[in-house]
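See below for the structure under consideration.
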Amino acid sequence: MSEATPIIRAERCSKWYGHILGVSDVSWTCRGGIVGLLGPNGAGKSTLMKMVAGLLAPSRGQLEVFGAPPFTSADVRRRVGYSPEHPPPWDELTAQELVAAMARLAGVPAPRCAKAAADALEAVGLSAAAHRRVRGFSQGMRQRTKLATAIAHEPDLLLLDEPLTGVDPVARADILERIRGLAAAGKTVVVSSHVLYEIESLTTDILVVYRGQVLAEGNVYEIRRLIDRHPHRIRVECDRPRELARVLTGAEHVVQLHFERGAVVVETRDPDRCYDEINAAVIDASVDVRALTSPDNNLGAVFEYLTGGPRAG
Amino acid sequence: MTGAIHDLGYKRYLGTRRPQSTRWRVIMRHQLATAWKSEGRFKGWWRYKAWLGLSVMGLVVFAAVMYFWQTKMVPMFGGGADKVRWLDLALPFAEDAFRTGAMFLTFTVGASVIASDAQSGAFVFYFSRPVRPVDYLAGKVAAMVLLMATLVALPLVLIAGLRVGLAGSTHEMVDSLDLLPRALAVGLIDSVAYAVVPLGISALVQRPLHALAAWAGYYLLIGSALAGAGAATGSPIGALSLSTACSVVANAIFDSPLPMVRRVLPPLGPSVASLVGHLVLALGLAYWRVRQAQRTGVGGGS
Amino acid sequence: MPADRPLTGREATLAIARIAVTRAPRSWALWVVLALASLPVAYARLILGSGPPGAGLWRDVFSFGLRLLWVVPTTMVAGAIGDELTDRHRSYLWSRPLPRWSILTGKLLASAPLAFAVLAGGLAAAFALARSPALEDPGLVLARSLGAIALGVIAVGAVATAMATLQPRFATALAIGYMGFVDFPLGEMPAALRQLSIQYQVRQVAAVDQYPGSTVTALIALAVITAVAAAVALARVRRFE
């Protein structure tokens, strides 16, 4: 496989479950880093992940991971670590036993499985509970166990399906930190979620899936820039908002202005130009600016604008 | 203690409410609907409709045999000169056959009724409302008895009716009229037995599949061991088998001669005692379990 | 610890079997089947009465013991395999680089010998009670009976595996239902159809059927039933998604 070969390449992939279309005509290329797979419940995120993990074969189209179809290539699946949305199986085993068994099934040589499991459990912060049965674990501990089963064999690609479901805020922050660590160590990570702020804290590279189709992919700010029909909003908190508004009114890229207490909100089609003009106006008019924010330059707004509905999560 | 509901558009129901004693009917109707439910063309039919279909087919077969073999004679067990008409054997044979349909229903619905509710957390919903354990149990028992009755009692009564109708003379018809209440009695006894006993097993186990396995072990293995031991030794121990006890009681009510089938059955007294014992134990277990669920599910008995 | 290479079928089978053996003592099913294994002994005790065992007693006890084939191997095999084919377990297992059929073979390798050991123990204990003093070669009778049970466990295991691939959620119920309501009545039929019955063939191999037939035919029939069930299971698991 050459350096130019993408990690994941899907070309016009569709997947049917009987009459139900899970994924429709999806084309997507992933070349590494952390990618957030977004979409509401039932969008097709899990179906796409399962196809990448080799659990499902596309009904139509092509899907390759590391240059080969994962459904038929055991060698590809060896390099993939998948943490599904389901709770871990065999919960009468201890965490150490379960992760070691999964490592063995992933191809780690038998004499090295115990150490691989211990290292994986340490990486997810479960060393102290390694010899307890998974049955007695809390939801957060089960999620960590799932993550450990996915990383024990040191895969090159990690697929994490809803890794934070049911997890308390403290454990959530910890797991997110560990995911960042894995990406920093060179692994490609695809994380799926319908909770936008979780993805936002991890990455700016996203794939938005809605009703089985890919709505958008790439950098979230680039995507936002492309959404013309929703002008960008910029909120400037200052001492003389009307003075600032007077200067900006004449600009053709400004679509609308409205006032809030102590602030002016500008809607513009060209945010870069607008920022330059705000800078100039502030200096010329000697306006004292307290805060400058963009309320919709975020994942939630992007998602809402793309899907035409209320934000998920 | 005070309470208030603020006006957010919610209007409390102020009309008449049905008395507590009718709750069991709601539970019964829900259980009947669940058993009847099927999705698509064949999904879910195995719950109840398949066995109903089998019962209907069985009814047709028995009716055909009774009609076309009205005069055919069958030798009695042990040989000899005594013979009996097929027409007169229909009811005892039918009782055995339709009870098989009831047995299938215990495996698909009966044995997992209470265990399903336990697993799904339904007790919390039941007992956070004004439902008593006795209401719950009465509803479940009534539903299962009704379902079993459609598979056993109803076909038996119809066959008895056919037997009366096929009488050769008015005198014979009048003589055979008592078959109708006997068929109803046998059908109801079988229905109650096959409704209540699996319910008791279901109450002991938390998971439906485990309950099913427990019932299979009890009915198929332990029951047949006891029946076989009783048949081999001639001792009344065979009466402890639910299936055998039902057979003995049915034969006694029908007052039917044993046909050419080789069968050694225990006496009537131990069989009746066994049936009663089964019912009391099963109902007791089920009530105890449901009461436990009420106490632990919503934080206290009431 | 990177995974060097995907597991071969043999390695995957052994790994799955090892996991199953580790889990077995921690699940309710093993203890229930151990309790059921004592039923032939109880049955023999019940029908023995106070006199010496008659010539036909072992035949009755063995025939009763055959009913354990309905529950013991079906529960241990169908339940175990059915579990692994549900969405939850499949998500973990089938994203691993192992041949899909190895999940079936691994589970069978762990469950079938255990099921045989349980049944054989119960029947051997029952034989000690039920064997007639008139038997010429009790060792041979016991060996034939246990050999027949072993073949029965393999055949039932294959059928249970096929049931599990057809309907993973209800595998155990389906397998018990098949053995009790299809295989058993088939075996009692006074017609050629009884050749399709596992229980009938096991009785032939053990030489306890009331209408003795050819042991060779019985062995061939059991082999064919096992092969057909195994083929169904393999075909299903290949297409499973």
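Going through the structure tokens in order, the chains are called A, B, and so on, while each chain numbers its residues from 1 and the ligands are numbered from 1 in the order shown.
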Within 9 Å of stretch 186-198 of chain A, counting only C-alpha atoms, which residues show up once you throw out same-chain ones fewer than 2 positions away? Write them as JSON, numbers by chain, please. {"A": [7, 30, 31, 32, 33, 34, 35, 36, 37, 38, 39, 40, 41, 45, 46, 49, 154, 155, 156, 157, 158, 159, 160, 161, 162, 163, 164, 165, 172, 176, 179, 181, 182, 183, 184, 200, 201, 202, 299, 300, 303, 311, 312, 313]}
Which residues come within 12 Å of A:Asp174, counting only C-alpha atoms, excluding same-chain residues fewer than 3 positions away, as a PyMOL selection string? chain A and resi 123-126+140-141+143-144+163-164+167-171+177-181
In terms of only C-alpha atoms, the residue from B:Gly121, B:Pro155, B:Gly230, B:Gly277 at minimal distance from chain C is B:Gly230
Could you give me, as a ChimeraX atom specification, each residue of stretch 166-303 of chain A that DSSP assigns to alpha helix (DSSP H) when run on this structure's backbone? /A:169-184,196-202,220-226,241-249,271-285,299-303
At most 12 Å to chain A: residues in chain C, only C-alpha atoms, as a compact mmCIF listing (two decimals) with all heavy atoms, in the first residue's frame:
```txt
# COMPACT_ATOMS: atom_id res chain seq x y z
N MET C 1 1.33 -4.29 21.53
CA MET C 1 1.48 -5.66 21.01
C MET C 1 0.71 -5.76 19.69
O MET C 1 -0.47 -6.08 19.71
CB MET C 1 0.88 -6.68 21.97
CG MET C 1 1.37 -6.59 23.39
SD MET C 1 3.03 -7.21 23.55
CE MET C 1 3.59 -6.22 24.92
N PRO C 2 1.31 -5.48 18.59
CA PRO C 2 0.55 -5.57 17.35
C PRO C 2 0.20 -7.03 17.05
O PRO C 2 0.91 -7.94 17.40
CB PRO C 2 1.47 -4.99 16.29
CG PRO C 2 2.82 -5.03 16.87
CD PRO C 2 2.68 -5.01 18.35
N ALA C 3 -0.93 -7.16 16.36
CA ALA C 3 -1.34 -8.50 15.92
C ALA C 3 -0.50 -8.84 14.70
O ALA C 3 -0.51 -8.14 13.70
CB ALA C 3 -2.83 -8.48 15.57
N ASP C 4 0.26 -9.93 14.79
CA ASP C 4 1.19 -10.28 13.71
C ASP C 4 0.47 -10.64 12.41
O ASP C 4 0.86 -10.21 11.34
CB ASP C 4 2.04 -11.48 14.14
CG ASP C 4 2.93 -11.14 15.31
OD1 ASP C 4 3.13 -9.94 15.57
OD2 ASP C 4 3.42 -12.07 15.97
N ARG C 5 -0.51 -11.49 12.56
CA ARG C 5 -1.21 -12.00 11.38
C ARG C 5 -2.58 -12.48 11.84
O ARG C 5 -2.80 -12.73 13.03
CB ARG C 5 -0.43 -13.17 10.77
CG ARG C 5 -0.13 -14.27 11.78
CD ARG C 5 0.42 -15.53 11.15
NE ARG C 5 0.73 -16.50 12.19
CZ ARG C 5 -0.18 -17.25 12.82
NH1 ARG C 5 -1.47 -17.15 12.50
NH2 ARG C 5 0.18 -18.12 13.75
N PRO C 6 -3.51 -12.64 10.90
CA PRO C 6 -4.83 -13.17 11.30
C PRO C 6 -4.68 -14.60 11.82
O PRO C 6 -3.75 -15.32 11.43
CB PRO C 6 -5.65 -13.16 10.01
CG PRO C 6 -4.92 -12.27 9.08
CD PRO C 6 -3.48 -12.32 9.46
N LEU C 7 -5.59 -15.02 12.68
CA LEU C 7 -5.56 -16.39 13.19
C LEU C 7 -5.98 -17.36 12.11
O LEU C 7 -6.85 -17.06 11.29
CB LEU C 7 -6.54 -16.53 14.38
CG LEU C 7 -6.22 -15.73 15.64
CD1 LEU C 7 -7.25 -16.03 16.72
CD2 LEU C 7 -4.83 -16.05 16.15
N THR C 8 -5.35 -18.53 12.11
CA THR C 8 -5.82 -19.60 11.22
C THR C 8 -7.11 -20.17 11.81
O THR C 8 -7.46 -19.89 12.97
CB THR C 8 -4.79 -20.73 11.15
OG1 THR C 8 -4.64 -21.28 12.47
CG2 THR C 8 -3.45 -20.22 10.65
N GLY C 9 -7.80 -20.98 11.03
CA GLY C 9 -9.04 -21.60 11.50
C GLY C 9 -8.82 -22.41 12.76
O GLY C 9 -9.61 -22.35 13.72
N ARG C 10 -7.72 -23.16 12.81
CA ARG C 10 -7.43 -24.01 13.98
C ARG C 10 -7.18 -23.14 15.21
O ARG C 10 -7.70 -23.40 16.29
CB ARG C 10 -6.23 -24.88 13.66
CG ARG C 10 -5.90 -25.92 14.73
CD ARG C 10 -4.65 -26.72 14.38
NE ARG C 10 -3.97 -27.14 15.58
CZ ARG C 10 -3.10 -26.41 16.26
NH1 ARG C 10 -2.77 -25.22 15.85
NH2 ARG C 10 -2.54 -26.87 17.36
N GLU C 11 -6.37 -22.10 15.04
CA GLU C 11 -6.05 -21.23 16.18
C GLU C 11 -7.31 -20.53 16.70
O GLU C 11 -7.52 -20.42 17.91
CB GLU C 11 -5.02 -20.17 15.76
CG GLU C 11 -3.63 -20.72 15.53
CD GLU C 11 -2.73 -19.69 14.86
OE1 GLU C 11 -3.26 -18.79 14.16
OE2 GLU C 11 -1.50 -19.77 15.03
N ALA C 12 -8.13 -20.07 15.75
CA ALA C 12 -9.36 -19.37 16.15
C ALA C 12 -10.31 -20.34 16.87
O ALA C 12 -10.92 -19.98 17.88
CB ALA C 12 -10.05 -18.76 14.93
N THR C 13 -10.41 -21.56 16.35
CA THR C 13 -11.28 -22.56 16.99
C THR C 13 -10.83 -22.81 18.42
O THR C 13 -11.63 -22.82 19.36
CB THR C 13 -11.25 -23.88 16.20
OG1 THR C 13 -11.76 -23.64 14.88
CG2 THR C 13 -12.06 -24.96 16.86
N LEU C 14 -9.53 -22.98 18.60
CA LEU C 14 -9.01 -23.26 19.95
C LEU C 14 -9.21 -22.06 20.87
O LEU C 14 -9.54 -22.22 22.05
CB LEU C 14 -7.53 -23.63 19.87
CG LEU C 14 -7.23 -25.00 19.28
CD1 LEU C 14 -5.73 -25.20 19.09
CD2 LEU C 14 -7.80 -26.11 20.16
N ALA C 15 -9.01 -20.86 20.33
CA ALA C 15 -9.19 -19.66 21.15
C ALA C 15 -10.63 -19.53 21.62
O ALA C 15 -10.90 -19.25 22.79
CB ALA C 15 -8.76 -18.41 20.37
N ILE C 16 -11.57 -19.73 20.71
CA ILE C 16 -12.99 -19.64 21.06
C ILE C 16 -13.35 -20.73 22.07
O ILE C 16 -14.09 -20.49 23.04
CB ILE C 16 -13.88 -19.78 19.81
CG1 ILE C 16 -13.60 -18.68 18.80
CG2 ILE C 16 -15.35 -19.86 20.18
CD1 ILE C 16 -14.40 -17.43 18.95
N ALA C 17 -12.81 -21.93 21.85
CA ALA C 17 -13.11 -23.04 22.77
C ALA C 17 -12.59 -22.73 24.16
O ALA C 17 -13.26 -22.99 25.17
CB ALA C 17 -12.51 -24.34 22.24
N ARG C 18 -11.40 -22.14 24.23
CA ARG C 18 -10.80 -21.82 25.53
C ARG C 18 -11.68 -20.81 26.27
O ARG C 18 -11.91 -20.93 27.48
CB ARG C 18 -9.40 -21.23 25.30
CG ARG C 18 -8.45 -21.48 26.45
CD ARG C 18 -7.01 -21.21 26.05
NE ARG C 18 -6.43 -22.29 25.27
CZ ARG C 18 -5.81 -22.13 24.10
NH1 ARG C 18 -5.68 -20.94 23.57
NH2 ARG C 18 -5.30 -23.15 23.47
N ILE C 19 -12.17 -19.82 25.55
CA ILE C 19 -13.06 -18.82 26.17
C ILE C 19 -14.32 -19.49 26.68
O ILE C 19 -14.79 -19.22 27.80
CB ILE C 19 -13.43 -17.70 25.17
CG1 ILE C 19 -12.18 -16.92 24.75
CG2 ILE C 19 -14.46 -16.75 25.76
CD1 ILE C 19 -12.40 -16.06 23.50
N ALA C 20 -14.89 -20.38 25.88
CA ALA C 20 -16.13 -21.06 26.28
C ALA C 20 -15.92 -21.90 27.53
O ALA C 20 -16.77 -21.94 28.42
CB ALA C 20 -16.66 -21.92 25.14
N VAL C 21 -14.78 -22.58 27.60
CA VAL C 21 -14.51 -23.43 28.77
C VAL C 21 -14.32 -22.56 30.01
O VAL C 21 -14.74 -22.91 31.11
CB VAL C 21 -13.25 -24.30 28.49
CG1 VAL C 21 -12.75 -24.93 29.77
CG2 VAL C 21 -13.59 -25.38 27.47
N THR C 22 -13.69 -21.41 29.85
CA THR C 22 -13.52 -20.49 31.00
C THR C 22 -14.87 -20.01 31.49
O THR C 22 -15.10 -19.88 32.70
CB THR C 22 -12.67 -19.27 30.59
OG1 THR C 22 -11.45 -19.70 30.02
CG2 THR C 22 -12.39 -18.36 31.78
N ARG C 23 -15.78 -19.74 30.55
CA ARG C 23 -17.08 -19.18 30.94
C ARG C 23 -18.04 -20.22 31.51
O ARG C 23 -18.90 -19.88 32.30
CB ARG C 23 -17.75 -18.55 29.71
CG ARG C 23 -17.06 -17.31 29.18
CD ARG C 23 -17.72 -16.86 27.90
NE ARG C 23 -19.10 -16.47 28.16
CZ ARG C 23 -20.09 -16.59 27.27
NH1 ARG C 23 -19.86 -17.10 26.08
NH2 ARG C 23 -21.30 -16.20 27.56
N ALA C 24 -17.88 -21.47 31.09
CA ALA C 24 -18.88 -22.49 31.41
C ALA C 24 -19.22 -22.60 32.90
O ALA C 24 -20.39 -22.58 33.28
CB ALA C 24 -18.47 -23.84 30.85
N PRO C 25 -18.22 -22.71 33.79
CA PRO C 25 -18.58 -22.88 35.21
C PRO C 25 -19.26 -21.64 35.80
O PRO C 25 -19.83 -21.71 36.88
CB PRO C 25 -17.24 -23.11 35.91
CG PRO C 25 -16.21 -23.18 34.86
CD PRO C 25 -16.76 -22.70 33.59
N ARG C 26 -19.18 -20.49 35.11
CA ARG C 26 -19.76 -19.26 35.66
C ARG C 26 -21.18 -19.02 35.18
O ARG C 26 -21.77 -18.00 35.50
CB ARG C 26 -18.89 -18.06 35.26
CG ARG C 26 -17.44 -18.24 35.67
CD ARG C 26 -16.61 -17.05 35.27
NE ARG C 26 -15.20 -17.39 35.32
CZ ARG C 26 -14.20 -16.54 35.11
NH1 ARG C 26 -14.48 -15.28 34.82
NH2 ARG C 26 -12.95 -16.92 35.16
N SER C 27 -21.73 -19.97 34.42
CA SER C 27 -23.09 -19.75 33.91
C SER C 27 -24.05 -20.78 34.51
O SER C 27 -23.65 -21.88 34.89
CB SER C 27 -23.12 -19.82 32.38
OG SER C 27 -23.62 -21.06 31.95
N TRP C 28 -25.33 -20.42 34.56
CA TRP C 28 -26.34 -21.27 35.19
C TRP C 28 -26.54 -22.57 34.43
O TRP C 28 -26.90 -23.59 35.00
CB TRP C 28 -27.68 -20.50 35.21
CG TRP C 28 -28.20 -20.25 33.84
CD1 TRP C 28 -27.88 -19.21 33.02
CD2 TRP C 28 -29.10 -21.07 33.09
NE1 TRP C 28 -28.52 -19.34 31.82
CE2 TRP C 28 -29.28 -20.45 31.83
CE3 TRP C 28 -29.78 -22.25 33.37
CZ2 TRP C 28 -30.13 -21.00 30.85
CZ3 TRP C 28 -30.61 -22.80 32.39
CH2 TRP C 28 -30.77 -22.16 31.15
N ALA C 80 -25.20 -21.52 23.42
CA ALA C 80 -23.89 -20.90 23.31
C ALA C 80 -23.67 -20.28 21.93
O ALA C 80 -23.21 -19.15 21.80
CB ALA C 80 -22.80 -21.93 23.60
N ASP C 83 -26.06 -17.27 21.13
CA ASP C 83 -25.59 -16.03 21.77
C ASP C 83 -24.55 -15.32 20.92
O ASP C 83 -24.57 -14.10 20.78
CB ASP C 83 -24.93 -16.36 23.12
CG ASP C 83 -25.92 -16.30 24.25
OD1 ASP C 83 -27.05 -15.82 24.01
OD2 ASP C 83 -25.58 -16.74 25.36
N GLU C 84 -23.62 -16.07 20.35
CA GLU C 84 -22.53 -15.45 19.59
C GLU C 84 -23.01 -14.88 18.25
O GLU C 84 -22.29 -14.10 17.63
CB GLU C 84 -21.40 -16.46 19.30
CG GLU C 84 -20.84 -17.18 20.50
CD GLU C 84 -20.32 -16.27 21.60
OE1 GLU C 84 -20.57 -15.06 21.57
OE2 GLU C 84 -19.67 -16.77 22.52
N LEU C 85 -24.19 -15.32 17.82
CA LEU C 85 -24.69 -14.83 16.54
C LEU C 85 -25.67 -13.68 16.70
O LEU C 85 -26.19 -13.17 15.71
CB LEU C 85 -25.36 -15.98 15.76
CG LEU C 85 -24.42 -17.13 15.38
CD1 LEU C 85 -25.18 -18.21 14.64
CD2 LEU C 85 -23.27 -16.63 14.51
N THR C 86 -25.94 -13.27 17.94
CA THR C 86 -26.79 -12.09 18.12
C THR C 86 -25.98 -10.84 17.74
O THR C 86 -24.75 -10.88 17.70
CB THR C 86 -27.24 -11.95 19.58
OG1 THR C 86 -26.08 -11.96 20.41
CG2 THR C 86 -28.15 -13.08 19.98
N ASP C 87 -26.71 -9.76 17.48
CA ASP C 87 -26.04 -8.50 17.07
C ASP C 87 -24.92 -8.11 18.00
O ASP C 87 -23.83 -7.71 17.58
CB ASP C 87 -27.08 -7.36 17.07
CG ASP C 87 -27.84 -7.33 15.78
OD1 ASP C 87 -27.41 -7.99 14.82
OD2 ASP C 87 -28.87 -6.63 15.73
N ARG C 88 -25.21 -8.22 19.29
CA ARG C 88 -24.26 -7.73 20.30
C ARG C 88 -22.93 -8.44 20.21
O ARG C 88 -21.87 -7.82 20.10
CB ARG C 88 -24.89 -7.94 21.67
CG ARG C 88 -23.99 -7.55 22.82
CD ARG C 88 -24.68 -7.85 24.13
NE ARG C 88 -23.76 -7.85 25.23
CZ ARG C 88 -24.06 -8.31 26.44
NH1 ARG C 88 -25.25 -8.79 26.68
NH2 ARG C 88 -23.18 -8.27 27.41
N HIS C 89 -22.95 -9.78 20.20
CA HIS C 89 -21.68 -10.50 20.20
C HIS C 89 -21.02 -10.47 18.83
O HIS C 89 -19.81 -10.42 18.72
CB HIS C 89 -21.92 -11.95 20.63
CG HIS C 89 -22.27 -12.09 22.08
ND1 HIS C 89 -21.86 -13.16 22.85
CD2 HIS C 89 -22.98 -11.30 22.91
CE1 HIS C 89 -22.31 -13.00 24.09
NE2 HIS C 89 -23.00 -11.89 24.15
N ARG C 90 -21.88 -10.51 17.79
CA ARG C 90 -21.33 -10.52 16.43
C ARG C 90 -20.51 -9.26 16.17
O ARG C 90 -19.49 -9.31 15.50
CB ARG C 90 -22.49 -10.57 15.44
CG ARG C 90 -22.44 -11.79 14.58
CD ARG C 90 -23.62 -11.99 13.69
NE ARG C 90 -24.18 -10.84 13.06
CZ ARG C 90 -25.47 -10.54 13.11
NH1 ARG C 90 -26.29 -11.32 13.77
NH2 ARG C 90 -25.94 -9.49 12.49
N SER C 91 -20.97 -8.13 16.71
CA SER C 91 -20.24 -6.88 16.50
C SER C 91 -18.80 -6.99 16.97
O SER C 91 -17.90 -6.39 16.38
CB SER C 91 -20.89 -5.74 17.28
OG SER C 91 -22.22 -5.60 16.91
N TYR C 92 -18.58 -7.71 18.04
CA TYR C 92 -17.22 -7.86 18.55
C TYR C 92 -16.46 -8.95 17.81
O TYR C 92 -15.30 -8.78 17.44
CB TYR C 92 -17.26 -8.19 20.05
CG TYR C 92 -17.66 -7.01 20.91
CD1 TYR C 92 -19.00 -6.73 21.14
CD2 TYR C 92 -16.70 -6.17 21.46
CE1 TYR C 92 -19.38 -5.64 21.90
CE2 TYR C 92 -17.07 -5.09 22.23
CZ TYR C 92 -18.41 -4.82 22.45
OH TYR C 92 -18.78 -3.74 23.20
N LEU C 93 -17.12 -10.10 17.62
CA LEU C 93 -16.40 -11.26 17.09
C LEU C 93 -16.08 -11.11 15.62
O LEU C 93 -14.98 -11.44 15.17
CB LEU C 93 -17.24 -12.52 17.31
CG LEU C 93 -17.30 -13.02 18.75
CD1 LEU C 93 -18.21 -14.22 18.84
CD2 LEU C 93 -15.92 -13.36 19.27
N TRP C 94 -17.03 -10.64 14.86
CA TRP C 94 -16.83 -10.65 13.41
C TRP C 94 -16.06 -9.46 12.88
O TRP C 94 -15.77 -9.41 11.67
CB TRP C 94 -18.18 -10.83 12.70
CG TRP C 94 -18.67 -12.24 12.84
CD1 TRP C 94 -18.07 -13.24 13.57
CD2 TRP C 94 -19.81 -12.80 12.26
NE1 TRP C 94 -18.81 -14.39 13.47
CE2 TRP C 94 -19.88 -14.17 12.68
CE3 TRP C 94 -20.82 -12.31 11.43
CZ2 TRP C 94 -20.90 -15.02 12.28
CZ3 TRP C 94 -21.82 -13.17 11.03
CH2 TRP C 94 -21.87 -14.51 11.45
N SER C 95 -15.73 -8.51 13.77
CA SER C 95 -14.79 -7.49 13.35
C SER C 95 -13.36 -7.95 13.61
O SER C 95 -12.41 -7.24 13.30
CB SER C 95 -15.07 -6.17 14.09
OG SER C 95 -14.98 -6.37 15.48
N ARG C 96 -13.24 -9.17 14.18
CA ARG C 96 -11.92 -9.75 14.38
C ARG C 96 -11.50 -10.52 13.14
O ARG C 96 -12.35 -11.01 12.40
CB ARG C 96 -11.96 -10.72 15.57
CG ARG C 96 -11.39 -10.19 16.88
CD ARG C 96 -12.17 -9.03 17.40
NE ARG C 96 -11.53 -8.35 18.49
CZ ARG C 96 -11.94 -7.19 18.97
NH1 ARG C 96 -12.96 -6.57 18.45
NH2 ARG C 96 -11.31 -6.63 19.98
N PRO C 97 -10.17 -10.67 12.92
CA PRO C 97 -9.71 -11.34 11.70
C PRO C 97 -9.70 -12.86 11.86
O PRO C 97 -8.64 -13.49 11.86
CB PRO C 97 -8.28 -10.79 11.54
CG PRO C 97 -7.83 -10.53 12.93
CD PRO C 97 -9.03 -10.08 13.70
N LEU C 98 -10.87 -13.45 12.01
CA LEU C 98 -10.91 -14.90 12.11
C LEU C 98 -12.00 -15.45 11.20
O LEU C 98 -12.96 -14.75 10.88
CB LEU C 98 -11.14 -15.36 13.56
CG LEU C 98 -12.11 -14.59 14.45
CD1 LEU C 98 -13.53 -15.06 14.31
CD2 LEU C 98 -11.67 -14.78 15.90
N PRO C 99 -11.82 -16.69 10.76
CA PRO C 99 -12.83 -17.28 9.86
C PRO C 99 -14.15 -17.43 10.62
O PRO C 99 -14.17 -17.86 11.77
CB PRO C 99 -12.26 -18.66 9.52
CG PRO C 99 -10.87 -18.65 10.00
CD PRO C 99 -10.73 -17.63 11.06
N ARG C 100 -15.24 -17.08 9.98
CA ARG C 100 -16.53 -17.08 10.66
C ARG C 100 -16.93 -18.44 11.16
O ARG C 100 -17.52 -18.59 12.22
CB ARG C 100 -17.60 -16.54 9.72
CG ARG C 100 -17.33 -15.10 9.41
CD ARG C 100 -18.51 -14.30 9.05
NE ARG C 100 -18.15 -12.91 9.29
CZ ARG C 100 -18.22 -11.95 8.39
NH1 ARG C 100 -18.66 -12.22 7.20
NH2 ARG C 100 -17.88 -10.73 8.69
N SER C 102 -15.13 -20.60 12.41
CA SER C 102 -14.40 -21.01 13.61
C SER C 102 -15.18 -20.73 14.88
O SER C 102 -14.94 -21.36 15.92
CB SER C 102 -13.03 -20.30 13.67
OG SER C 102 -13.21 -18.91 13.80
N ILE C 103 -16.11 -19.79 14.81
CA ILE C 103 -16.94 -19.52 15.98
C ILE C 103 -17.81 -20.75 16.27
O ILE C 103 -17.99 -21.15 17.42
CB ILE C 103 -17.80 -18.27 15.76
CG1 ILE C 103 -16.88 -17.05 15.66
CG2 ILE C 103 -18.81 -18.07 16.89
CD1 ILE C 103 -17.56 -15.81 15.16
N GLY C 106 -15.40 -23.72 17.34
CA GLY C 106 -14.86 -23.49 18.68
C GLY C 106 -15.89 -23.78 19.75
O GLY C 106 -15.61 -24.44 20.76
N ARG C 238 -21.78 -18.28 6.54
CA ARG C 238 -21.02 -17.59 5.50
C ARG C 238 -21.77 -16.34 5.03
O ARG C 238 -21.17 -15.33 4.69
CB ARG C 238 -20.81 -18.50 4.30
CG ARG C 238 -19.41 -18.94 4.07
CD ARG C 238 -19.35 -19.83 2.83
NE ARG C 238 -18.98 -21.18 3.22
CZ ARG C 238 -17.73 -21.63 3.21
NH1 ARG C 238 -16.76 -20.88 2.84
NH2 ARG C 238 -17.46 -22.86 3.58
N ARG C 239 -23.09 -16.44 5.00
CA ARG C 239 -23.90 -15.32 4.47
C ARG C 239 -24.34 -14.37 5.57
O ARG C 239 -24.94 -13.35 5.30
CB ARG C 239 -25.13 -15.89 3.76
CG ARG C 239 -24.80 -16.54 2.45
CD ARG C 239 -25.95 -17.34 1.90
NE ARG C 239 -27.22 -16.68 2.13
CZ ARG C 239 -28.39 -17.31 2.07
NH1 ARG C 239 -28.44 -18.59 1.81
NH2 ARG C 239 -29.52 -16.68 2.28
N PHE C 240 -24.01 -14.72 6.80
CA PHE C 240 -24.47 -13.90 7.91
C PHE C 240 -23.82 -12.54 7.89
O PHE C 240 -22.63 -12.41 7.70
CB PHE C 240 -24.08 -14.58 9.24
CG PHE C 240 -25.23 -14.73 10.17
CD1 PHE C 240 -25.80 -15.97 10.37
CD2 PHE C 240 -25.76 -13.64 10.83
CE1 PHE C 240 -26.88 -16.12 11.23
CE2 PHE C 240 -26.84 -13.80 11.68
CZ PHE C 240 -27.40 -15.04 11.89
N GLU C 241 -24.64 -11.51 8.14
CA GLU C 241 -24.06 -10.17 8.23
C GLU C 241 -24.50 -9.50 9.52
O GLU C 241 -25.55 -9.81 10.04
CB GLU C 241 -24.54 -9.32 7.06
CG GLU C 241 -23.88 -9.69 5.74
CD GLU C 241 -24.23 -8.71 4.64
OE1 GLU C 241 -25.32 -8.13 4.69
OE2 GLU C 241 -23.41 -8.51 3.75
```
Distance cut-off 6 Å, counting only C-alpha atoms - which residues of chain B neighbour chain C? Return them as JSON, numbers by chain. {"B": [225, 229, 233]}
Go ahead and write the residues just picked, N, CA and C atoms, as a tab-separated table (two decimals), in the first residue's frame.
```
chain	number	residue	atom	x	y	z
B	225	ALA	N	-40.42	-38.83	33.38
B	225	ALA	CA	-39.77	-39.80	34.27
B	225	ALA	C	-40.78	-40.33	35.28
B	229	ALA	N	-42.12	-44.07	35.37
B	229	ALA	CA	-41.92	-44.86	36.60
B	229	ALA	C	-43.25	-45.41	37.09
B	233	THR	N	-44.04	-49.44	37.30
B	233	THR	CA	-44.18	-50.07	38.61
B	233	THR	C	-45.63	-50.21	39.04
```
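Non-sequential neighbours of A:Gln213 (distance at most 9 Å, separation of 3 or more positions within a chain, only C-alpha atoms) are A:Gly22, A:Val23, A:Ser24, A:Asp25, A:Val26, A:Ala43, A:Gly44, A:Val208, A:Val209, A:Tyr210.
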Need the shell around stretch 184-196 of chain B: protein/DNA/RNA residues with any atom at most 8 Å away, counting only C-alpha atoms. Skip same-chain ones fewer than 3 positions apart. Format as JSON, numbers by chain? {"B": [95, 99, 102, 103, 106, 110, 141, 144, 145, 146, 148, 149, 152, 153, 154, 156, 157, 180, 181, 199, 200, 242, 246, 249, 250, 253, 275, 278, 279, 282, 283]}
